[in-house]
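Asker: Next comes the structure file target.txt, holding compact mmCIF, C-alpha atoms.
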# COMPACT_ATOMS: atom_id res chain seq x y z
CA MET A 1 2.74 -19.69 1.13
CA THR A 2 0.18 -22.38 0.44
CA PHE A 3 -2.66 -21.79 -1.99
CA THR A 4 -6.02 -23.26 -1.23
CA SER A 5 -9.14 -22.96 -3.25
CA ALA A 6 -11.43 -20.18 -2.05
CA ALA A 7 -14.72 -21.61 -0.83
CA LYS A 8 -16.63 -19.18 -3.04
CA PRO A 9 -16.17 -16.08 -5.18
CA VAL A 10 -15.46 -12.87 -3.28
CA LEU A 11 -17.85 -9.96 -3.75
CA VAL A 12 -17.32 -6.75 -1.82
CA ARG A 13 -20.03 -4.12 -2.26
CA ALA A 14 -18.64 -0.58 -2.18
CA GLU A 15 -20.98 0.50 0.63
CA GLU A 16 -19.92 -2.48 2.76
CA ALA A 17 -16.14 -2.18 2.37
CA GLU A 18 -14.22 -1.17 5.48
CA THR A 19 -12.40 2.15 5.01
CA LEU A 20 -9.52 3.18 7.25
CA GLN A 21 -7.82 6.53 7.66
CA ASP A 22 -4.08 5.93 7.88
CA GLY A 23 -3.11 9.60 7.76
CA ALA A 24 -4.58 13.06 7.49
CA THR A 25 -4.59 12.86 3.69
CA SER A 26 -5.12 9.20 2.85
CA LEU A 27 -7.67 6.41 3.09
CA ILE A 28 -7.40 2.66 2.59
CA THR A 29 -10.47 0.71 1.51
CA LEU A 30 -10.18 -2.99 2.32
CA LEU A 31 -11.42 -5.22 -0.50
CA ALA A 32 -10.22 -8.82 -0.08
CA ASP A 33 -7.66 -10.30 2.28
CA SER A 34 -5.87 -13.60 1.73
CA ASN A 35 -8.17 -15.55 4.02
CA ALA A 36 -11.12 -14.67 1.74
CA THR A 37 -9.28 -15.58 -1.49
CA GLY A 38 -7.73 -18.88 -0.48
CA GLY A 39 -4.33 -17.19 -0.33
CA ALA A 40 -4.44 -16.10 -3.97
CA LEU A 41 -4.36 -12.34 -3.40
CA THR A 42 -4.96 -9.39 -1.13
CA ALA A 43 -6.55 -6.22 -2.55
CA ASN A 44 -7.27 -2.68 -1.36
CA ARG A 45 -7.95 0.75 -2.80
CA ALA A 46 -5.73 3.66 -1.76
CA THR A 47 -7.17 7.18 -1.88
CA LEU A 48 -4.44 9.81 -1.65
CA HIS A 49 -5.36 13.49 -1.33
CA LYS A 50 -3.12 16.42 -2.33
CA GLY A 51 -0.02 16.54 -0.16
CA SER A 52 -0.27 12.94 1.02
CA PRO A 53 3.14 11.44 1.83
CA GLY A 54 1.84 8.07 0.57
CA ALA A 55 3.82 4.99 1.51
CA PRO A 56 7.46 5.34 2.57
CA ALA A 57 10.28 3.40 0.92
CA HIS A 58 9.86 -0.31 1.63
CA PHE A 59 9.95 -3.78 0.08
CA HIS A 60 8.26 -7.14 0.51
CA THR A 61 10.02 -10.51 0.50
CA ARG A 62 7.10 -12.84 -0.21
CA ALA A 63 4.72 -11.13 -2.64
CA THR A 64 4.49 -9.17 -5.85
CA GLU A 65 2.66 -5.86 -5.39
CA MET A 66 0.60 -4.50 -8.26
CA PHE A 67 -0.55 -0.92 -8.74
CA HIS A 68 -3.33 0.20 -11.09
CA VAL A 69 -3.95 3.94 -11.14
CA LEU A 70 -7.71 4.54 -11.16
CA SER A 71 -7.52 8.35 -11.19
CA GLY A 72 -5.01 11.14 -10.81
CA THR A 73 -1.24 11.00 -11.13
CA MET A 74 1.15 9.03 -8.95
CA ARG A 75 4.88 9.19 -8.43
CA ILE A 76 6.49 5.90 -7.57
CA LEU A 77 9.96 5.02 -6.38
CA LEU A 78 11.00 1.83 -8.15
CA ASP A 79 14.42 0.71 -6.95
CA ASP A 80 16.62 3.69 -7.90
CA GLN A 81 14.29 5.60 -10.23
CA ILE A 82 11.19 7.77 -9.94
CA LEU A 83 8.28 6.93 -12.25
CA THR A 84 5.16 8.95 -12.97
CA LEU A 85 1.99 6.92 -13.49
CA GLY A 86 -1.30 8.31 -14.74
CA LYS A 87 -4.86 7.07 -14.94
CA GLY A 88 -4.96 3.56 -16.40
CA ASP A 89 -1.26 2.83 -15.87
CA PHE A 90 -0.32 -0.50 -14.27
CA LEU A 91 2.89 -1.57 -12.53
CA THR A 92 4.05 -4.81 -10.90
CA VAL A 93 6.79 -4.79 -8.29
CA PRO A 94 8.36 -8.23 -7.64
CA PRO A 95 9.50 -9.33 -4.18
CA THR A 96 12.60 -7.58 -2.76
CA VAL A 97 12.37 -4.59 -5.15
CA PRO A 98 12.34 -1.35 -3.14
CA HIS A 99 9.41 0.96 -3.84
CA ALA A 100 7.32 3.82 -2.44
CA PHE A 101 4.41 5.89 -3.71
CA ALA A 102 2.65 9.23 -3.30
CA PRO A 103 0.45 11.40 -5.47
CA ALA A 104 2.26 13.76 -7.81
CA PRO A 105 2.57 17.34 -6.54
CA ASP A 106 -0.80 19.13 -6.65
CA SER A 107 -2.58 15.89 -7.56
CA GLU A 108 -5.00 13.53 -5.91
CA ALA A 109 -5.02 9.89 -6.90
CA GLU A 110 -6.70 6.56 -6.38
CA MET A 111 -5.05 3.21 -6.93
CA LEU A 112 -6.06 -0.41 -6.79
CA ILE A 113 -3.30 -2.29 -4.98
CA VAL A 114 -3.05 -6.08 -5.17
CA PHE A 115 -0.58 -8.48 -3.56
CA THR A 116 -0.04 -11.97 -4.91
CA PRO A 117 0.20 -14.40 -3.35
CA GLY A 118 -2.12 -12.96 -0.78
CA MET A 119 -0.85 -12.10 2.66
CA ASP A 120 -2.82 -11.04 5.69
CA ARG A 121 -2.49 -7.25 5.27
CA PHE A 122 -5.75 -5.95 6.69
CA ASP A 123 -4.45 -6.03 10.27
CA TYR A 124 -1.39 -4.09 9.09
CA TYR A 125 -3.65 -1.37 7.63
CA ARG A 126 -5.64 -1.32 10.87
CA LEU A 127 -2.35 -0.85 12.74
CA LEU A 128 -1.55 2.15 10.52
CA GLU A 129 -4.90 3.68 11.43
CA ARG A 130 -4.25 3.09 15.15
CA VAL A 131 -0.88 4.85 14.82
CA TYR A 132 -2.57 7.78 13.08
CA ARG A 133 -5.13 7.98 15.92
CA GLY A 134 -2.39 7.82 18.56
CA GLU A 135 -3.49 4.38 19.79
CA ALA A 136 -0.27 2.63 18.68
CA SER A 137 3.30 3.71 17.96
CA VAL A 138 5.67 3.77 15.04
CA GLN A 139 7.68 1.19 17.00
CA ASP A 140 4.65 -1.13 16.74
CA ILE A 141 4.94 -0.82 12.95
CA ARG A 142 8.68 -1.57 13.09
CA ASP A 143 8.01 -4.58 15.31
CA SER A 144 5.48 -5.96 12.82
CA SER A 145 7.78 -5.93 9.77
CA GLN A 146 8.26 -9.71 9.67
CA GLN A 147 4.62 -10.50 10.42
CA PHE A 148 3.27 -8.24 7.65
CA ASP A 149 6.27 -8.54 5.28
CA ASN A 150 6.70 -4.78 5.14
CA HIS A 151 10.35 -3.79 5.42
CA TYR A 152 11.09 -0.04 5.55
CA TYR A 153 14.42 1.52 4.62
CA ASP A 154 15.94 4.96 4.07
CA SER A 155 15.86 6.26 0.51
CA PRO A 156 17.52 9.64 0.01
CA LEU A 157 16.16 9.66 -3.56
CA TRP A 158 12.57 9.27 -2.30
CA GLN A 159 13.07 11.85 0.46
CA GLN A 160 14.33 14.31 -2.16
CA GLU A 161 11.35 13.51 -4.41
CA LEU A 162 8.88 14.22 -1.61
CA THR A 163 10.30 17.72 -1.18
CA ARG A 164 9.57 18.50 -4.85
CA ARG A 165 6.45 20.59 -5.27
Would you mind writing the structure in this file as structure tokens?

Answerer:
Amino acid sequence: MTFTSAAKPVLVRAEEAETLQDGATSLITLLADSNATGGALTANRATLHKGSPGAPAHFHTRATEMFHVLSGTMRILLDDQILTLGKGDFLTVPPTVPHAFAPAPDSEAEMLIVFTPGMDRFDYYRLLERVYRGEASVQDIRDSSQQFDNHYYDSPLWQQELTRR
């Protein structure tokens, strides 16, 4: 990944940010993709309503993913352990470390999610919305794993955690 200097600071007004629905109980608000930040970072806000399955177990090979809980309580798979994060908590997940996230049972949550270095993720989030709407398939997501550096895997620990109420 090559870093270039962004041509100018990036300002995204809340009312102008693109918001996608990637499931019945979750929204993704697009803040800054790598092309806007000179490759430095990619940022979005995740809004997860009660009962949201969140993001399945996955890992990235090229970027560190950062999570800052803005409200609510989150449960996060981090390698082979389950963490609970509350408002104000911050976590970094280095490349190749398996992780997943969902709101805690009976909780809603919002998180700021940042990838560094930046990677073009906005088209991945748009693909998730198309799958939710029935305009694309889960196979399309599988086929995009290299392009978007999102590698899913089976985690019995995470599957067990999601059944906990």

Asker: Would you work out the distance separating atom CA of A:Asp149 from atom CA of A:Gly51, expressed in Å to one decimal?

Answerer: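 So the answer is 26.4 Å.
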
Asker: Rounded to one decimal place, report the atom CA of A:Leu27-atom CA of A:Asp123 distance in Å.

Answerer: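 According to the coordinates, atom CA of A:Leu27 and atom CA of A:Asp123 are separated by 14.7 Å.
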
Asker: For the point (0.5, 13.8, 3.2) in the file's frame, write as a ChimeraX atom specification all residues with an atom no more than 10 Å away, counting all atoms listed in the file.

Answerer: /A:23-26,48-55,102-103,162

Asker: Find the residue from A:Pro98, A:Ala57, A:Arg121, A:Leu91 that sits nearest to A:Leu30; use only C-alpha atoms when measuring.

Answerer: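 Result for the nearest residue to A:Leu30: A:Arg121.
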
Asker: Anything within 10 Å of (1.6, 7.2, -14.0): list those residues as a list of chain:residue names, counting only C-alpha atoms and sticking to the file's coordinates.

Answerer: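 Neighbouring residues, ordered by chain and number, come to A:Phe67, A:His68, A:Val69, A:Ser71, A:Gly72, A:Thr73, A:Met74, A:Arg75, A:Ile76, A:Leu83, A:Thr84, A:Leu85, A:Gly86, A:Lys87, A:Gly88, A:Asp89, A:Phe90, A:Leu91, A:Pro103, A:Ala104.
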